[in-house]
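Asker: Have a look at the structure that comes next, please.
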Amino acid sequence: MVKFSTGMWENSPGVAISWATEVVKSEALKDRLRCVATTRKIYHRGDTLNAPTITMECSSPLPDVIHLEAYHRKAHTPTAQGPHYEVFPTIDVKEVASIRKDGLKATKSDTGLSLYTNTLTAAFDTRPGQFNFDIRSHGARSPTGITSSNDYLLTQLGWRSVGYAKRDTNLQHPNLNLVDPDKGDMWMTMQLQVSVGEKIYGLGERFGPFVKNGQGVEMWNEDGGTSSELTYKNVPFFLSSRGYGVFVACPGAVSFEVQSERTTRVNISVPYEAVAVYVVHGPSPSTILQRYTAITGRPALPPPWTFNLWLSTSFTTNYDENTVNEFLKGMQDRDISVGVFHFDCFWMKAFQWCDYEFDADYFPDAKGQLTRLHDKGYKVCVWINPYIAQESKLFNEALRRDGSVWQFDYWQAGMAFVDFTNPAACKWYQSKLKGLMDLGVDCFKTDFGERIPTGNVVYFDGSNPEKMHNYYSFLYNKVTFEVVEDYKGKNQAVLFARSATAGGQRFPVHWGGDPMSTFEAMAETLRGGMSLGLCGFGYWAHDIGGFEGTPDPALYKRWFAFGALSSHSRLHGSGSFRVPWVLDPSGEADRVLKKFTDLKLSLMPYLYATAIATHETGIPMMRPLFVEFPEDPTCWNVDTQFMMGPNLMVCPVFNTEGRVQFYVPEGKWYALLDGKMRTGPKWYTETHDFMSLPLLLRPGSAIVLGQYEGVGERKLAVYDYANEVTILVNPGADKVDAHVNVPDSQSPGKIAAVLRVRGTAEEVKVEVVEGALKGEYKIEKVDVTNAVEDDEY
């Protein structure tokens with residue numbers, strides 16, 4: 001944690017802070033603001049000497065987005081060094097500027113500077129002796145109804161809120177500073193106001209409390225499991241219940257103190273001479289996410305087959321081709337659909353990770369085996385990491401010409417790291433993956449990418465190692481995704497990635513790392529996934545049953561129901577296999593897996609339509625309730641249930657007994673698994689057996705259910721989503737008038753038909769307004785009078 005103060009009045013020992021105190025120069029340029037603030041009040045000319053300044057620049061690169069930068073020294077080498085986040089990857093900002101019609105203008109008065117649009121105002125107070133920066137929303141209500149006004153403060157930088165902090169440095173001693181200018185630690189800090197009742201979310205895949213208020217959060221990727229404050233995916237973006245989000249455009253060690261140092265502020269600190277943020281206006285959470293992902297990029301669209309169940313060898317288990325065949329046959333015999341088989345680490349020989357070759361002792365005919373799997377309709381995934389062990393035959397091949405290399409023994413003996421800043425290294429690495437795809441591999445699990453060295457590491461392009469620590473994960477997954485996409489085609493590529501930072505959402509899918517096999521870990525996994533989704537990551541999975549340890553049958557069955565209703569579903573563990581008959585000899589787990597995999601297959605028209613919308617908007621498939629219901633204050637506190645897309649609410653069960661407490665927002669919600677209605681706003685407490693959980697259809701909505709079919713005798717996630725469908729309609733207490741997209745499974749990203757569903761509790765009509773359905777379709781209107789009894793569960 002980076003804290004500079006002891007209480008309100010004193011700095012921490014050894015800390016000195018130069019605060020922006022008074023604006024002494026201000027400019028309103030064509031489309032931006034610039035001001036220079038001194039770090040002490042100026043009473044006479046002598047006060048202009050020996051006083052650091054802080055320069056602030058404010059612009060609006062996109063409608064409803066404010067870019068604000070504060071810097072102490074503009075030519076500081078570590079600050080200027082890359083890497084820098086890739087922003088606006090699909091947007092021409094200059095073109096947007098030429099056509100935007102939101103009234104952008106910059107003005108200067110005797111008392112301030114203002115950057116104005118039709119929906120936002122950013123303003124500096126430039127009066128003598130003052131420093132203040134406000135960002136205000138106008139023309140739109142706060143999503144939470146905290147204020148009744150359409151013109152309200154989003155956040156502000158007030159007294160002692162922008163500063164240059166030093167600890168144990170020579171900066172206060174001119175002669176010593178000339179001799180040793182780099183002594184100690186330096187940060188730029190920007191401290192944004194938190195209003196009464198305001199809640200903060202996001203900051204990456206965080207497994208602790210869902211609401212981030214009161215927490216200190218460090219942006220530093222670590223392989224720390226899911227039961228600590230560490231995480232694999234740090235994203236310096238948070239979303240506020242007050243109607244805005246903040247992205248800190250620094251891939252280095254950004255620190256957030258969310259009401260944990262100053263109780264009225266989010267303190268942002270970076271260990272450099274400049275800090276830059278994008279303030280993203282909504283005011284709704286979904287709009288914030290759309291605008292944030294316009295800055296950092298939206299997720300690619302995974303192909304439909306990725307939504308089938310993934311089955312893994314697990315990590316340290318012993319397996320060969322016979323083991324793989326036995327597991328797949330066992331799943332088929334139990335009529336449990338598997339779409340992807342994953343080979344974890346030991347598909348390669350020990351001590352040689354990575355050499356990108358199947359271990360011939362266990363897989364003597366790898367190409368033939370993969371061909372046989374493909375012939376049965378399976379896709380194949382293999383594990384990789386970005387490290388080359390000293391024993392790998394590729395080690396000498398990949399050495400730099402001068403022989404210099406940074407090596408490490410923690411994981412693989414003597415391993416080195418692929419330098420993804422070197423175009424030749426990227427091309428070399430991609431050639432190895434292309435060779436595997438030639439062999440029959442369809443996708444890669446891009447594991448690790450967090451244990452990236454700093455210190456005396458030298459990158460090909462001169463990148464700052466401290467900044468590269470987190471950013472390495474972006475390059476690693478980008479280079480991998482691009483070679484798969486080049487080989488397979490657009491909307492046909494997928495990864496299974498663990499590490500990430502801002503922008504990493506462009507290369508899906510991501511999974512939640514290594515949880516323990518406990519119900520507590522199951523709950524923290526969901527918190528992590530929802531927090532990550534609030535940073536623009538659209539598709540997400542987790543190790544069903546947990547990774548470390550062996551799940552007991554009850555945990556395995558409960559977790560599978562949750563996993564099957566996540567966007568992507570995978571059975572994977574550490575030292576034990578995850579097929580159901582091994583974990584639950586009673587056979588009940590077999591039936592649970594069959595039921596929930598079949599359920600997911602039937603939901604594919606809805607799920608893939610949601611996936612396409614996620615690709616187009618950046619709104620995650622799995623989303624907290626408040627994304628859909630921001631006006632309901634209860635939804636901002638719910639972290640044990642989620643919306644799958646806009647219309648289905650999923651309430652996992654986190655205990656053996658089947659007891660579940662869940663919240664239902666306003667209206668009559670239809671439960672798909674028991675056919676009963678739950679009416680909100682209300683909390684329900686129910687008991688569900690292993691074959692059930694609350695899965696509720698939103699009032700006033702409709703979804704399409706498909707008739708899944710098999711390849712030969714197997715059921716798969718890819719089938720004709722427009723053929724002989726059932727249209728499930730919940731008019732609620734009032735009426736339904738909804739447009740429903742039916743995706744084309746053979747042309748990912750395309751829509752086969754658009755339906756308009758209209759009606760009331762008495763009658764519903766469906767009109768095909770675009771495209772066509774195939775065969776006869778059924779309209780299933782729910783019985784809104786069939787309410788669950790108070791004592792039924």
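In the structure tokens, chains take the letters A, B, ... in the order shown, each chain's residues start at 1, and ligands count up from 1 in the order shown.
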Got a sec: who's within 7 Å of region 33-45 of chain A, counting only C-alpha atoms, leaving out chain neighbours fewer than 5 positions off, as a PyMOL selection string?
Answerer: chain A and resi 18-28+51-59+106+113+115+129
Asker: If you run DSSP over the backbone, which residues in region 472-562 of chain A end up strand (DSSP E)? Put them as a list in words.
Answerer: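 Answer for region 472-562 of chain A restricted to strand (DSSP E) is His510, Trp511, Trp540 and Ala541 of chain A.
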Asker: Output C-alpha atoms for every residue in the selection just made, as an mmCIF file, in the first residue's frame.
Answerer:
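Just written: selection.cif:
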data_model
loop_
_atom_site.group_PDB
_atom_site.id
_atom_site.type_symbol
_atom_site.label_atom_id
_atom_site.label_comp_id
_atom_site.auth_asym_id
_atom_site.auth_seq_id
_atom_site.Cartn_x
_atom_site.Cartn_y
_atom_site.Cartn_z
ATOM 1 C CA HIS A 510 -9.948 -15.493 -19.382
ATOM 2 C CA TRP A 511 -10.240 -17.803 -16.415
ATOM 3 C CA TRP A 540 -14.839 -15.590 -18.286
ATOM 4 C CA ALA A 541 -14.478 -19.077 -16.805
#
Asker: May I ask for the distance between CA of Asp438 (chain A) and CA of Phe351 (chain A), given in Å to one decimal place?
Answerer: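 Computing the Euclidean distance for CA of Asp438 (chain A) and CA of Phe351 (chain A) yields 24.5 Å.
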Asker: Grab the CA of His739 (chain A) to CA of Met643 (chain A) distance for me, in Å with one decimal place.
Answerer: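 If I compute the distance from CA of His739 (chain A) to CA of Met643 (chain A), I get 18.7 Å.
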Asker: Measuring atom to atom with only C-alpha atoms, identify which of A:Val15, A:Ala97, A:Ala733, A:Met468 is nearest to Gly449 (chain A).
Answerer: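 Residue with the minimum atom-to-atom distance to Gly449 (chain A): A:Met468.
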Asker: With a cut-off of 12 Å, could you pull out the residues of region 537-583 of chain A touching region 288-305 of chain A and give me the nearest pair of atoms for each, distance in Å to one decimal, using only C-alpha atoms, ordered by chain and ascending number, as a Markdown table?
Answerer:
| residue | atom | partner | partner_atom | distance |
| --- | --- | --- | --- | --- |
| A:Phe537 | CA | A:Pro299 | CA | 6.8 |
| A:Gly538 | CA | A:Pro299 | CA | 6.2 |
| A:Tyr539 | CA | A:Pro299 | CA | 8.0 |
| A:Trp540 | CA | A:Pro299 | CA | 11.2 |
| A:Ser567 | CA | A:Pro302 | CA | 10.6 |
| A:His568 | CA | A:Pro302 | CA | 10.2 |
| A:Ser569 | CA | A:Trp305 | CA | 11.5 |
Asker: Which residue out of A:Met604, A:Val660, A:Met8, A:Leu555 has the minimum interatomic distance to Met522 (chain A) when only C-alpha atoms are used?
Answerer: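 The closest residue to Met522 (chain A) is A:Leu555.
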Asker: With only C-alpha atoms as the basis for distance, which of A:Asn637, A:Ser392, A:Thr107, A:Ser576 is at the shortest distance from Thr316 (chain A)?
Answerer: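 Selected residue with least distance to Thr316 (chain A): A:Ser576.
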Asker: With only C-alpha atoms as the basis for distance, which of A:Cys426, A:Ile779, A:Val277, A:Leu62 is at the shortest distance from Leu104 (chain A)?
Answerer: A:Leu62
Asker: Please list as number ranges by chain every residue within 10 Å of Ser227 (chain A), counting only C-alpha atoms and excluding residues in the same chain fewer than 3 positions away.
Answerer: A: 206-208, 224, 230-231, 514-516, 520-521, 524-525
